[in-house]
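Student: I'm passing along protein10.cif; it holds mmCIF, C-alpha atoms and all ligand atoms.
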```cif
data_coords
#
loop_
_atom_site.label_atom_id
_atom_site.label_comp_id
_atom_site.auth_asym_id
_atom_site.auth_seq_id
_atom_site.Cartn_x
_atom_site.Cartn_y
_atom_site.Cartn_z
CA MET A 37 89.77 118.11 -79.33
CA LEU A 38 91.50 117.55 -75.98
CA ARG A 39 91.30 120.32 -73.36
CA PRO A 40 92.35 120.57 -69.73
CA GLU A 41 89.45 120.95 -67.31
CA THR A 42 88.83 124.68 -66.92
CA PRO A 43 85.65 126.76 -66.44
CA GLU A 44 85.80 127.47 -70.20
CA SER A 45 86.12 123.83 -71.29
CA LEU A 46 83.32 122.82 -68.90
CA LYS A 47 81.08 125.52 -70.35
CA LEU A 48 81.94 124.29 -73.84
CA ALA A 49 81.13 120.73 -72.75
CA GLN A 50 77.68 121.83 -71.63
CA THR A 51 77.01 123.65 -74.90
CA LEU A 52 78.23 120.75 -77.01
CA LEU A 53 76.20 118.19 -75.07
CA ARG A 54 73.12 120.42 -75.42
CA ASP A 55 73.73 120.41 -79.20
CA GLY A 56 73.86 116.60 -79.31
CA ALA A 57 77.66 116.28 -79.51
CA LEU A 58 79.87 113.74 -77.73
CA VAL A 59 82.05 114.76 -74.78
CA ALA A 60 84.50 112.44 -73.01
CA PHE A 61 85.01 113.03 -69.29
CA ALA A 62 86.79 111.51 -66.30
CA THR A 63 84.97 109.51 -63.64
CA GLU A 64 86.48 107.64 -60.70
CA THR A 65 86.24 104.39 -62.70
CA VAL A 66 87.21 105.02 -66.34
CA TYR A 67 86.66 107.82 -68.87
CA GLY A 68 83.12 107.97 -70.22
CA LEU A 69 81.95 108.95 -73.70
CA GLY A 70 79.01 111.16 -72.83
CA ALA A 71 75.89 112.31 -74.65
CA ASP A 72 72.61 113.92 -73.57
CA ALA A 73 70.55 110.86 -72.59
CA THR A 74 67.31 112.40 -73.81
CA LYS A 75 68.53 112.89 -77.41
CA GLY A 76 68.19 109.71 -79.48
CA GLU A 77 70.49 110.94 -82.24
CA ALA A 78 73.23 111.87 -79.82
CA VAL A 79 72.92 108.43 -78.23
CA ALA A 80 73.17 106.81 -81.67
CA GLY A 81 76.36 108.83 -82.19
CA ILE A 82 77.92 107.02 -79.23
CA TYR A 83 77.36 103.61 -80.82
CA ALA A 84 78.79 104.89 -84.11
CA ALA A 85 81.88 106.44 -82.49
CA LYS A 86 82.65 103.28 -80.50
CA GLY A 87 81.82 100.92 -83.36
CA ARG A 88 79.58 98.90 -81.05
CA PRO A 89 78.32 95.88 -82.98
CA SER A 90 74.86 96.13 -81.47
CA PHE A 91 72.91 98.51 -79.31
CA ASN A 92 74.12 97.43 -75.91
CA PRO A 93 72.36 99.43 -73.23
CA LEU A 94 74.14 102.40 -71.70
CA ILE A 95 74.49 103.71 -68.15
CA ALA A 96 72.92 107.11 -67.45
CA HIS A 97 74.95 109.34 -65.13
CA PHE A 98 73.43 111.87 -62.74
CA ALA A 99 74.57 114.59 -60.35
CA ASP A 100 72.77 112.99 -57.39
CA ALA A 101 70.55 110.08 -56.37
CA GLN A 102 67.39 112.18 -56.44
CA SER A 103 67.84 112.93 -60.16
CA ALA A 104 68.78 109.32 -60.90
CA PHE A 105 65.72 107.97 -59.12
CA ALA A 106 63.42 110.33 -61.00
CA VAL A 107 63.84 108.28 -64.21
CA VAL A 108 63.57 104.75 -62.75
CA GLN A 109 61.41 102.87 -60.26
CA ALA A 110 63.72 102.85 -57.25
CA ASP A 111 62.81 100.76 -54.24
CA GLU A 112 64.11 100.62 -50.69
CA ARG A 113 67.03 98.35 -51.69
CA ALA A 114 68.14 100.89 -54.29
CA ALA A 115 67.86 103.76 -51.81
CA ARG A 116 69.99 101.91 -49.28
CA LEU A 117 72.74 101.13 -51.81
CA ALA A 118 72.68 104.69 -53.12
CA ALA A 119 73.04 106.10 -49.61
CA ALA A 120 75.99 103.83 -48.93
CA PHE A 121 77.90 104.07 -52.22
CA TRP A 122 76.91 107.10 -54.30
CA PRO A 123 78.74 109.01 -55.57
CA GLY A 124 80.79 105.94 -56.39
CA PRO A 125 81.50 102.95 -58.63
CA LEU A 126 78.09 101.26 -58.43
CA THR A 127 75.54 101.04 -61.26
CA LEU A 128 71.94 100.04 -60.54
CA VAL A 129 69.68 98.46 -63.16
CA LEU A 130 66.06 99.32 -62.37
CA ARG A 131 62.75 99.35 -64.21
CA ARG A 132 62.19 102.57 -66.11
CA ALA A 133 59.78 105.09 -64.66
CA ALA A 134 56.47 105.49 -66.48
CA TYR A 135 57.67 108.80 -67.90
CA CYS A 136 61.38 108.11 -68.35
CA PRO A 137 62.89 110.93 -70.47
CA ILE A 138 65.86 108.79 -71.56
CA ALA A 139 65.94 107.84 -75.24
CA SER A 140 64.85 104.21 -75.59
CA LEU A 141 67.94 103.50 -77.69
CA ALA A 142 70.06 104.19 -74.61
CA GLY A 143 68.28 101.32 -72.87
CA ALA A 144 68.45 99.19 -76.03
CA GLY A 145 64.67 99.02 -75.91
CA LEU A 146 64.70 97.17 -72.56
CA PRO A 147 62.14 97.94 -69.84
CA THR A 148 65.07 98.68 -67.53
CA GLN A 149 67.61 101.51 -67.30
CA ALA A 150 71.06 101.48 -65.70
CA VAL A 151 71.79 104.55 -63.55
CA ARG A 152 74.70 105.75 -61.49
CA VAL A 153 76.02 108.81 -59.65
CA PRO A 154 79.75 108.86 -60.37
CA GLN A 155 82.53 110.56 -58.48
CA VAL A 156 83.50 113.41 -60.78
CA SER A 157 85.14 116.80 -60.28
CA ASP A 158 82.97 119.58 -58.81
CA GLY A 159 83.16 121.26 -62.20
CA PHE A 160 81.83 118.27 -64.08
CA ARG A 161 79.16 117.67 -61.43
CA SER A 162 77.78 121.10 -62.38
CA VAL A 163 77.62 119.91 -65.98
CA LEU A 164 75.72 116.78 -64.84
CA ARG A 165 73.36 119.00 -62.87
CA ALA A 166 72.51 120.84 -66.09
CA PHE A 167 71.19 117.54 -67.53
CA PRO A 168 68.50 116.27 -65.16
CA GLY A 169 67.57 113.64 -67.77
CA GLY A 170 71.08 112.20 -67.45
CA ILE A 171 74.27 111.89 -69.48
CA VAL A 172 74.64 108.43 -70.95
CA ALA A 173 78.23 107.27 -71.11
CA PRO A 174 79.85 103.98 -71.95
CA SER A 175 83.58 103.66 -71.43
CA ALA A 176 85.30 105.94 -73.97
CA ASN A 177 87.12 103.26 -75.96
CA PRO A 178 86.53 101.65 -79.34
CA SER A 179 84.23 98.65 -78.82
CA GLY A 180 86.05 95.59 -77.50
CA LYS A 181 89.29 97.44 -76.76
CA LEU A 182 90.95 98.36 -73.46
CA SER A 183 89.05 100.82 -71.30
CA PRO A 184 90.61 104.30 -71.00
CA THR A 185 91.90 105.57 -67.66
CA THR A 186 93.52 108.75 -69.01
CA ALA A 187 92.41 111.43 -71.47
CA GLN A 188 95.34 110.40 -73.69
CA HIS A 189 93.94 106.85 -73.93
CA VAL A 190 90.65 108.35 -75.16
CA GLN A 191 92.45 110.52 -77.70
CA ALA A 192 94.49 107.59 -78.99
CA GLY A 193 91.48 105.26 -79.24
CA LEU A 194 88.67 107.49 -80.48
CA GLY A 195 90.42 110.68 -81.65
CA GLU A 196 88.28 112.87 -83.84
CA ALA A 197 85.16 110.79 -83.23
CA VAL A 198 84.85 112.68 -79.92
CA ASP A 199 83.94 116.36 -80.15
CA LEU A 200 85.62 117.25 -76.86
CA ILE A 201 87.78 115.32 -74.39
CA ILE A 202 88.09 117.01 -70.99
CA ASP A 203 91.32 115.99 -69.31
CA GLY A 204 90.47 115.36 -65.68
CA GLY A 205 93.66 113.42 -64.95
CA PRO A 206 94.02 109.67 -64.41
CA CYS A 207 91.03 107.77 -62.99
CA ALA A 208 91.36 106.83 -59.31
CA ALA A 209 89.66 103.41 -59.38
CA GLY A 210 90.72 102.49 -62.92
CA LEU A 211 88.10 99.76 -63.31
CA GLU A 212 84.45 100.04 -64.37
CA SER A 213 81.58 100.22 -61.89
CA ALA A 214 79.98 97.11 -60.43
CA VAL A 215 76.56 96.56 -62.08
CA VAL A 216 73.72 95.33 -59.85
CA ASP A 217 70.33 94.41 -61.30
CA LEU A 218 67.47 95.30 -58.96
CA SER A 219 64.71 95.01 -61.55
CA GLY A 220 63.43 91.74 -60.05
CA PRO A 221 62.99 90.28 -56.57
CA GLN A 222 66.42 88.60 -56.59
CA PRO A 223 69.28 91.12 -56.78
CA LYS A 224 71.92 90.08 -59.30
CA LEU A 225 75.50 91.10 -59.89
CA LEU A 226 75.83 91.57 -63.66
CA ARG A 227 79.41 92.86 -63.70
CA HIS A 228 82.18 92.72 -61.15
CA GLY A 229 83.59 96.20 -60.75
CA ALA A 230 85.45 98.73 -58.65
CA LEU A 231 83.18 98.01 -55.68
CA ALA A 232 83.66 94.55 -54.18
CA GLN A 233 80.72 92.13 -54.18
CA ALA A 234 81.09 91.55 -50.43
CA ASP A 235 80.75 95.28 -49.69
CA ILE A 236 77.50 95.44 -51.68
CA GLU A 237 76.15 92.32 -49.95
CA ALA A 238 77.03 93.73 -46.52
CA VAL A 239 74.83 96.77 -47.13
CA MET A 240 72.00 94.72 -48.68
CA GLY A 241 72.12 92.16 -45.90
CA GLN A 242 71.72 89.49 -48.56
CA LYS A 243 73.71 87.57 -51.15
CA LEU A 244 73.74 88.67 -54.79
CA ALA A 245 72.98 86.09 -57.45
CA LEU A 246 75.92 85.97 -59.84
CA ASP A 247 75.12 86.61 -63.48
CA VAL A 248 78.63 87.41 -64.61
CA ASP A 249 79.88 84.19 -66.22
CA PRO A 250 81.25 85.36 -69.58
CA ALA A 251 80.00 82.16 -71.18
CA VAL A 252 76.44 82.99 -70.16
CA LYS A 253 76.42 86.53 -71.56
CA ALA A 254 73.80 87.69 -69.07
CA SER A 255 74.41 91.42 -69.25
CA PRO A 256 73.84 92.47 -72.86
CA GLY A 257 77.19 94.22 -73.11
CA GLN A 258 79.18 91.53 -71.39
CA MET A 259 80.72 90.02 -74.47
CA VAL A 260 83.30 87.38 -73.76
CA GLN A 261 86.07 89.14 -75.59
CA HIS A 262 86.09 92.65 -74.26
CA TYR A 263 88.78 94.89 -72.87
CA ALA A 264 91.18 93.28 -75.34
CA PRO A 265 94.72 94.46 -76.01
CA SER A 266 95.95 93.98 -79.58
CA LYS A 267 98.60 91.43 -78.54
CA PRO A 268 97.75 87.86 -77.51
CA LEU A 269 97.36 87.60 -73.75
CA PHE A 270 97.89 84.48 -71.63
CA LEU A 271 96.70 83.99 -68.06
CA ASN A 272 98.12 82.14 -65.07
CA ALA A 273 101.72 82.27 -66.25
CA SER A 274 104.59 81.70 -63.82
CA THR A 275 107.44 82.66 -66.17
CA ALA A 276 108.03 84.93 -69.16
CA LYS A 277 110.22 84.57 -72.23
CA ALA A 278 112.41 87.36 -73.60
CA ASP A 279 109.91 88.29 -76.33
CA GLN A 280 107.01 88.50 -73.89
CA ALA A 281 105.75 91.33 -71.70
CA ALA A 282 104.60 90.42 -68.20
CA LEU A 283 101.84 91.68 -65.94
CA VAL A 284 102.10 90.55 -62.32
CA PHE A 285 100.16 91.38 -59.16
CA SER A 286 102.95 92.04 -56.65
CA ASP A 287 105.66 89.42 -57.06
CA SER A 288 107.81 89.47 -60.22
CA ASN A 289 109.79 86.33 -59.34
CA GLY A 290 110.06 84.13 -62.44
CA PHE A 291 109.30 86.98 -64.83
CA GLU A 292 112.87 88.38 -64.97
CA GLN A 293 113.24 87.53 -68.69
CA ALA A 294 110.26 89.63 -69.77
CA CYS A 295 111.09 92.47 -72.17
CA ALA A 296 108.58 94.68 -70.36
CA LEU A 297 107.19 94.28 -66.86
CA GLU A 298 104.32 95.88 -64.95
CA VAL A 299 103.86 95.19 -61.25
CA LEU A 300 100.29 96.17 -60.37
CA SER A 301 100.84 96.64 -56.65
CA PRO A 302 104.22 96.09 -54.99
CA SER A 303 102.46 96.31 -51.60
CA GLY A 304 99.87 93.67 -52.58
CA SER A 305 96.77 95.93 -52.54
CA ASP A 306 93.82 94.82 -54.69
CA VAL A 307 92.57 98.41 -54.84
CA GLU A 308 95.88 99.75 -56.13
CA ALA A 309 96.11 96.86 -58.61
CA ALA A 310 92.62 97.59 -59.98
CA ALA A 311 93.47 101.26 -60.37
CA ARG A 312 96.57 100.45 -62.40
CA LEU A 313 95.25 97.51 -64.44
CA PHE A 314 94.16 99.17 -67.68
CA SER A 315 97.01 101.70 -67.86
CA ALA A 316 99.51 98.86 -67.31
CA LEU A 317 97.85 96.84 -70.09
CA HIS A 318 97.94 99.88 -72.39
CA ARG A 319 101.71 100.24 -71.76
CA LEU A 320 102.45 96.55 -72.28
CA ASP A 321 100.34 96.54 -75.43
CA ALA A 322 102.48 99.41 -76.77
CA SER A 323 105.72 97.54 -76.01
CA SER A 324 107.73 95.56 -78.56
CA ALA A 325 106.66 92.23 -77.02
CA ARG A 326 105.04 89.50 -79.10
CA ALA A 327 102.57 88.62 -76.37
CA ILE A 328 101.55 89.51 -72.83
CA VAL A 329 101.73 86.93 -70.04
CA VAL A 330 99.84 87.46 -66.80
CA GLY A 331 100.78 86.02 -63.42
CA LYS A 332 98.39 84.87 -60.69
CA MET A 333 96.00 87.56 -59.48
CA PRO A 334 94.43 88.01 -56.03
CA VAL A 335 91.24 86.17 -55.12
CA GLY A 336 89.49 88.41 -52.58
CA GLY A 337 88.16 92.00 -52.70
CA LEU A 338 88.52 93.50 -56.18
CA GLY A 339 90.37 90.38 -57.35
CA ALA A 340 87.18 89.04 -58.95
CA ALA A 341 86.81 92.15 -61.10
CA ILE A 342 90.51 92.13 -62.07
CA VAL A 343 90.35 88.46 -63.08
CA ASP A 344 87.09 89.05 -64.96
CA ARG A 345 88.67 91.79 -67.11
CA LEU A 346 91.78 89.70 -67.73
CA ARG A 347 89.74 86.63 -68.73
CA ARG A 348 87.88 88.72 -71.26
CA ALA A 349 91.12 90.18 -72.57
CA ALA A 350 92.45 86.66 -73.07
CA ALA A 351 89.24 85.17 -74.48
CA GLY A 352 89.70 82.87 -77.42
CA ARG A 353 93.45 83.13 -77.23
CA GLY A 354 94.40 80.63 -74.52
CA GLU A 355 97.64 78.76 -74.92
O1 LIG A 401 82.34 102.63 -64.69
C1 LIG A 401 81.49 102.57 -65.58
O2 LIG A 401 80.43 101.95 -65.43
C2 LIG A 401 81.79 103.31 -66.89
C3 LIG A 401 81.80 104.81 -66.59
C4 LIG A 401 82.02 105.64 -67.83
O3 LIG A 401 80.62 105.16 -65.94
N1 LIG A 401 80.83 102.98 -67.90
C5 LIG A 401 80.80 101.77 -68.50
O4 LIG A 401 79.82 101.64 -69.48
O5 LIG A 401 81.55 100.86 -68.22
P1 LIG A 401 79.78 100.46 -70.55
O6 LIG A 401 78.73 100.84 -71.54
O7 LIG A 401 81.14 100.22 -71.08
O8 LIG A 401 79.25 99.23 -69.71
C6 LIG A 401 77.91 99.21 -69.22
C7 LIG A 401 77.54 97.83 -68.75
C8 LIG A 401 77.45 96.86 -69.92
O9 LIG A 401 77.94 95.61 -69.52
C9 LIG A 401 75.94 96.81 -70.16
O10 LIG A 401 75.50 95.63 -70.78
C10 LIG A 401 75.40 96.94 -68.75
O11 LIG A 401 76.26 97.86 -68.12
N2 LIG A 401 74.04 97.49 -68.77
C11 LIG A 401 73.68 98.74 -69.09
N3 LIG A 401 72.34 98.89 -69.06
C12 LIG A 401 71.83 97.69 -68.73
C13 LIG A 401 70.51 97.19 -68.54
N4 LIG A 401 69.44 97.96 -68.71
N5 LIG A 401 70.38 95.88 -68.19
C14 LIG A 401 71.46 95.09 -68.02
N6 LIG A 401 72.74 95.51 -68.18
C15 LIG A 401 72.92 96.79 -68.54
MG MG A 402 83.05 99.34 -71.71
#
```
Would you encode the structure as structure tokens?
Tutor:
Amino acid sequence: MLRPETPESLKLAQTLLRDGALVAFATETVYGLGADATKGEAVAGIYAAKGRPSFNPLIAHFADAQSAFAVVQADERAARLAAAFWPGPLTLVLRRAAYCPIASLAGAGLPTQAVRVPQVSDGFRSVLRAFPGGIVAPSANPSGKLSPTTAQHVQAGLGEAVDLIIDGGPCAAGLESAVVDLSGPQPKLLRHGALAQADIEAVMGQKLALDVDPAVKASPGQMVQHYAPSKPLFLNASTAKADQAALVFSDSNGFEQACALEVLSPSGSDVEAAARLFSALHRLDASSARAIVVGKMPVGGLGAAIVDRLRRAAAGRGE
């Protein structure tokens, strides 16, 4: 059931979540598939709806940092990052509090829990406020498929498996949150995301250890092939054939033959490119092309996150 965001649909969302149902909602990064974090059965329903092959741990979403830090052992580093970036596209992995109300399935049985305070509408923030134990939400896509940046993507991918989809419009950042592990003395970046590594390091006053190599599989949910379109996808192309669709950063020179073309940012902005990445991939995947070729992507800023998602989309299919 897809509904525009209204006071009525938000009230329904709250009731459904309270009853253990699944509600998809917009965040600044991607759409999330939400469930009451304290209800084990509701959390299990998320894995079933997504077809996740294993119980990868989920991020719990909160209305504010105070609620988030009530369920984990936050330290001074966490407080500093929260003050700088929340609400925003940053997820912190911390040790669970002694009396963490979140279902252990949501943390996949780990001693840690991922928490974040997302940018959501004022209406949905009120819904979050009604769940002080958190709303767990993975991206609202079938496991291993492209992440959704519109309510229509959620409807097309998960359909009736979601009890309610609240249409909050397209996501502004369009790329998942950066995941930082603060459970040990050395802070680690587990997933590049919509907040650049350098911006996080500037606030921490220290370098992050990188744990994002897809071959290493450090973060439990960081499977190599993830975010995959259904067509084969090839990276670092400089030309396209007539039966291929092309995805380029800002310069489409050499890709004139492509039967479909998406330019991520004509002005060359990494932020704009990140915001448009998944919706562009969704469109190219729906085109008549046999394959998708991808041109060179930017190196700095959000370039690392963009390249990370594209590498996963191409995994196992290199030419
Ligand atoms: O932007 C986002 O983060 C979106 C929106 C909906 O908030 N959510 C999202 O969730 O991308 P998901 O489940 O698709 O990705 C969560 C990532 C996975 O890579 C998972 O392995 C990692 O966070 N993660 C979650 N809990 C963890 C934990 N306790 N330790 C290490 N990694 C964890
Ligand atoms: Mg995901």
Student: Please measure the separation of atom CA of Ala264 of chain A and atom CA of Lys181 of chain A, giving the value in Å to one decimal.
Tutor: 4.8 Å
Student: Within 7 Å of ligand MG 402 (chain A), counting only C-alpha atoms and all ligand atoms, which protein or nucleic acid residues do you find, written as an MDAnalysis selection string?
Tutor: chainID A and resid 174:175 183
Student: Which chain A residues have any atom within 7 Å of an atom of ligand LIG 401 (chain A), and for each, what is the nearest pair of atoms with distance in Å to one decimal, counting only C-alpha atoms and all ligand atoms, rows sorted by chain and number, as a Markdown table?
Tutor:
```
| residue | atom | partner | partner_atom | distance |
| --- | --- | --- | --- | --- |
| A:Thr63 | CA | A:LIG401 | C3 | 6.4 |
| A:Thr65 | CA | A:LIG401 | O1 | 4.7 |
| A:Val66 | CA | A:LIG401 | C3 | 5.4 |
| A:Tyr67 | CA | A:LIG401 | C4 | 5.2 |
| A:Gly68 | CA | A:LIG401 | C4 | 3.5 |
| A:Leu69 | CA | A:LIG401 | C4 | 6.7 |
| A:Asn92 | CA | A:LIG401 | O10 | 5.6 |
| A:Pro93 | CA | A:LIG401 | N3 | 4.2 |
| A:Leu94 | CA | A:LIG401 | C11 | 4.5 |
| A:Ile95 | CA | A:LIG401 | C11 | 5.1 |
| A:Pro125 | CA | A:LIG401 | O1 | 6.1 |
| A:Thr127 | CA | A:LIG401 | O2 | 6.5 |
| A:Val129 | CA | A:LIG401 | N4 | 5.6 |
| A:Gly143 | CA | A:LIG401 | N4 | 5.5 |
| A:Leu146 | CA | A:LIG401 | N4 | 6.2 |
| A:Thr148 | CA | A:LIG401 | N4 | 4.6 |
| A:Gln149 | CA | A:LIG401 | N4 | 4.2 |
| A:Ala150 | CA | A:LIG401 | N3 | 4.4 |
| A:Pro154 | CA | A:LIG401 | O3 | 6.7 |
| A:Ala173 | CA | A:LIG401 | C4 | 5.3 |
| A:Pro174 | CA | A:LIG401 | O6 | 3.4 |
| A:Ser175 | CA | A:LIG401 | O7 | 4.2 |
| A:Ala176 | CA | A:LIG401 | C4 | 7.0 |
| A:Leu211 | CA | A:LIG401 | O1 | 6.6 |
| A:Glu212 | CA | A:LIG401 | O1 | 3.4 |
| A:Ser213 | CA | A:LIG401 | O1 | 3.8 |
| A:Ala214 | CA | A:LIG401 | O2 | 7.0 |
| A:Val215 | CA | A:LIG401 | O11 | 6.2 |
| A:Asp217 | CA | A:LIG401 | C14 | 6.8 |
| A:Leu226 | CA | A:LIG401 | N6 | 6.7 |
| A:Arg227 | CA | A:LIG401 | O9 | 6.6 |
| A:Ser255 | CA | A:LIG401 | N6 | 4.5 |
| A:Pro256 | CA | A:LIG401 | O10 | 4.1 |
| A:Gly257 | CA | A:LIG401 | O10 | 3.2 |
| A:Gln258 | CA | A:LIG401 | O9 | 4.7 |
```
Student: Next, write the just-selected residues to a file, as a PDB file, in the frame of the given file, keeping C-alpha atoms as the atom set.
Tutor:
```
ATOM      1  CA  THR A  63      84.970 109.510 -63.640  1.00  0.00           C
ATOM      2  CA  THR A  65      86.240 104.390 -62.700  1.00  0.00           C
ATOM      3  CA  VAL A  66      87.210 105.020 -66.340  1.00  0.00           C
ATOM      4  CA  TYR A  67      86.660 107.820 -68.870  1.00  0.00           C
ATOM      5  CA  GLY A  68      83.120 107.970 -70.220  1.00  0.00           C
ATOM      6  CA  LEU A  69      81.950 108.950 -73.700  1.00  0.00           C
ATOM      7  CA  ASN A  92      74.120  97.430 -75.910  1.00  0.00           C
ATOM      8  CA  PRO A  93      72.360  99.430 -73.230  1.00  0.00           C
ATOM      9  CA  LEU A  94      74.140 102.400 -71.700  1.00  0.00           C
ATOM     10  CA  ILE A  95      74.490 103.710 -68.150  1.00  0.00           C
ATOM     11  CA  PRO A 125      81.500 102.950 -58.630  1.00  0.00           C
ATOM     12  CA  THR A 127      75.540 101.040 -61.260  1.00  0.00           C
ATOM     13  CA  VAL A 129      69.680  98.460 -63.160  1.00  0.00           C
ATOM     14  CA  GLY A 143      68.280 101.320 -72.870  1.00  0.00           C
ATOM     15  CA  LEU A 146      64.700  97.170 -72.560  1.00  0.00           C
ATOM     16  CA  THR A 148      65.070  98.680 -67.530  1.00  0.00           C
ATOM     17  CA  GLN A 149      67.610 101.510 -67.300  1.00  0.00           C
ATOM     18  CA  ALA A 150      71.060 101.480 -65.700  1.00  0.00           C
ATOM     19  CA  PRO A 154      79.750 108.860 -60.370  1.00  0.00           C
ATOM     20  CA  ALA A 173      78.230 107.270 -71.110  1.00  0.00           C
ATOM     21  CA  PRO A 174      79.850 103.980 -71.950  1.00  0.00           C
ATOM     22  CA  SER A 175      83.580 103.660 -71.430  1.00  0.00           C
ATOM     23  CA  ALA A 176      85.300 105.940 -73.970  1.00  0.00           C
ATOM     24  CA  LEU A 211      88.100  99.760 -63.310  1.00  0.00           C
ATOM     25  CA  GLU A 212      84.450 100.040 -64.370  1.00  0.00           C
ATOM     26  CA  SER A 213      81.580 100.220 -61.890  1.00  0.00           C
ATOM     27  CA  ALA A 214      79.980  97.110 -60.430  1.00  0.00           C
ATOM     28  CA  VAL A 215      76.560  96.560 -62.080  1.00  0.00           C
ATOM     29  CA  ASP A 217      70.330  94.410 -61.300  1.00  0.00           C
ATOM     30  CA  LEU A 226      75.830  91.570 -63.660  1.00  0.00           C
ATOM     31  CA  ARG A 227      79.410  92.860 -63.700  1.00  0.00           C
ATOM     32  CA  SER A 255      74.410  91.420 -69.250  1.00  0.00           C
ATOM     33  CA  PRO A 256      73.840  92.470 -72.860  1.00  0.00           C
ATOM     34  CA  GLY A 257      77.190  94.220 -73.110  1.00  0.00           C
ATOM     35  CA  GLN A 258      79.180  91.530 -71.390  1.00  0.00           C
TER      36      GLN A 258
END
```
Student: Measuring atom to atom with only C-alpha atoms, identify which of A:Ser323, A:Gln102, A:Ser140, A:Thr186 is nearest to Ala282 of chain A.
Tutor: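 Comparing A:Ser323, A:Gln102, A:Ser140, A:Thr186 against Ala282 of chain A, the winner is A:Ser323.
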Student: Between atom CA of Gly195 of chain A and atom CA of Ala85 of chain A, measure the distance and give it in Å to one decimal.
Tutor: 9.6 Å
Student: Excluding Leu141 of chain A and its own-chain neighbours fewer than 6 positions away, which residues fall within 10 Å of it when counting all atoms listed in the file? Please give them as a list of chain:residue names.
Tutor: A:Ala73, A:Thr74, A:Lys75, A:Gly76, A:Glu77, A:Val79, A:Ala80, A:Tyr83, A:Phe91, A:Asn92, A:Pro93, A:Leu94
Student: Quick one: distance from atom CA of Ser162 of chain A to atom CA of Val190 of chain A in Å, one decimal?
Tutor: 22.2 Å
Student: Rank nothing, just name the residue among A:Ala245, A:Ala101, A:Ala322, A:Ala133 nearest to Val153 of chain A, using only C-alpha atoms.
Tutor: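 Closest candidate: A:Ala101.
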Student: Please identify all polymer residues lying at most 8 Å from the point (90.9, 105.5, -76.0) (file coordinates), using all atoms listed in the file, and present the result as a count of residues only.
Tutor: 15
Student: Between A:Gly56, A:Pro302, A:Gly337, A:Gly145, which residue has the minimum interatomic distance to Val198 of chain A, considering all atoms listed in the file?
Tutor: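 Result for the nearest residue to Val198 of chain A: A:Gly56.
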Student: Which one is closest to Ala110 of chain A: A:Ala341, A:Val156, A:Leu128, A:Ala197? Count only C-alpha atoms.
Tutor: A:Leu128
Student: Just the residues within 9 Å of Asp111 of chain A, please, counting all atoms listed in the file, with nothing from its chain fewer than 5 positions along; format it as number ranges by chain.
Tutor: A: 116, 130, 218
Student: My list of candidates is A:Ala120, A:Ile171, A:Ala144, A:Ile328. Which is closest to Ala71 of chain A when distances are computed with all atoms listed in the file?
Tutor: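 Of A:Ala120, A:Ile171, A:Ala144, A:Ile328, the one nearest Ala71 of chain A, counting all atoms listed in the file, is A:Ile171.
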Student: Might you pull out every residue within 6 Å of Gly124 of chain A, with only C-alpha atoms counted and same-chain residues fewer than 2 positions away left off, and present them as a ChimeraX atom specification?
Tutor: /A:121-122,126,154-155
Student: Using the structure block above, produce a file of segment 266-276 of chain A that contains N, CA and C atoms, as an mmCIF file, in the first residue's frame.
Tutor:
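The new file result_25.cif reads:
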```cif
data_model
loop_
_atom_site.group_PDB
_atom_site.id
_atom_site.type_symbol
_atom_site.label_atom_id
_atom_site.label_comp_id
_atom_site.auth_asym_id
_atom_site.auth_seq_id
_atom_site.Cartn_x
_atom_site.Cartn_y
_atom_site.Cartn_z
ATOM 1 N N SER A 266 19.918 -5.701 -12.881
ATOM 2 C CA SER A 266 19.744 -7.035 -13.469
ATOM 3 C C SER A 266 20.583 -7.210 -14.723
ATOM 4 N N LYS A 267 21.018 -6.113 -15.347
ATOM 5 C CA LYS A 267 21.870 -6.227 -16.543
ATOM 6 C C LYS A 267 23.340 -6.285 -16.139
ATOM 7 N N PRO A 268 24.189 -6.918 -16.969
ATOM 8 C CA PRO A 268 25.627 -6.864 -16.692
ATOM 9 C C PRO A 268 26.109 -5.414 -16.689
ATOM 10 N N LEU A 269 27.069 -5.128 -15.844
ATOM 11 C CA LEU A 269 27.559 -3.753 -15.704
ATOM 12 C C LEU A 269 29.084 -3.761 -15.762
ATOM 13 N N PHE A 270 29.645 -2.870 -16.576
ATOM 14 C CA PHE A 270 31.092 -2.852 -16.784
ATOM 15 C C PHE A 270 31.660 -1.484 -16.444
ATOM 16 N N LEU A 271 32.725 -1.491 -15.638
ATOM 17 C CA LEU A 271 33.305 -0.235 -15.159
ATOM 18 C C LEU A 271 34.402 0.286 -16.072
ATOM 19 N N ASN A 272 34.777 1.544 -15.848
ATOM 20 C CA ASN A 272 35.920 2.173 -16.502
ATOM 21 C C ASN A 272 35.861 2.117 -18.023
ATOM 22 N N ALA A 273 34.674 2.261 -18.576
ATOM 23 C CA ALA A 273 34.533 2.268 -20.032
ATOM 24 C C ALA A 273 34.858 3.670 -20.557
ATOM 25 N N SER A 274 35.284 3.752 -21.816
ATOM 26 C CA SER A 274 35.466 5.078 -22.417
ATOM 27 C C SER A 274 34.597 5.237 -23.659
ATOM 28 N N THR A 275 33.938 4.152 -24.068
ATOM 29 C CA THR A 275 33.007 4.211 -25.204
ATOM 30 C C THR A 275 31.814 3.303 -24.897
ATOM 31 N N ALA A 276 30.748 3.464 -25.722
ATOM 32 C CA ALA A 276 29.599 2.564 -25.594
ATOM 33 C C ALA A 276 29.167 2.125 -26.980
#
```
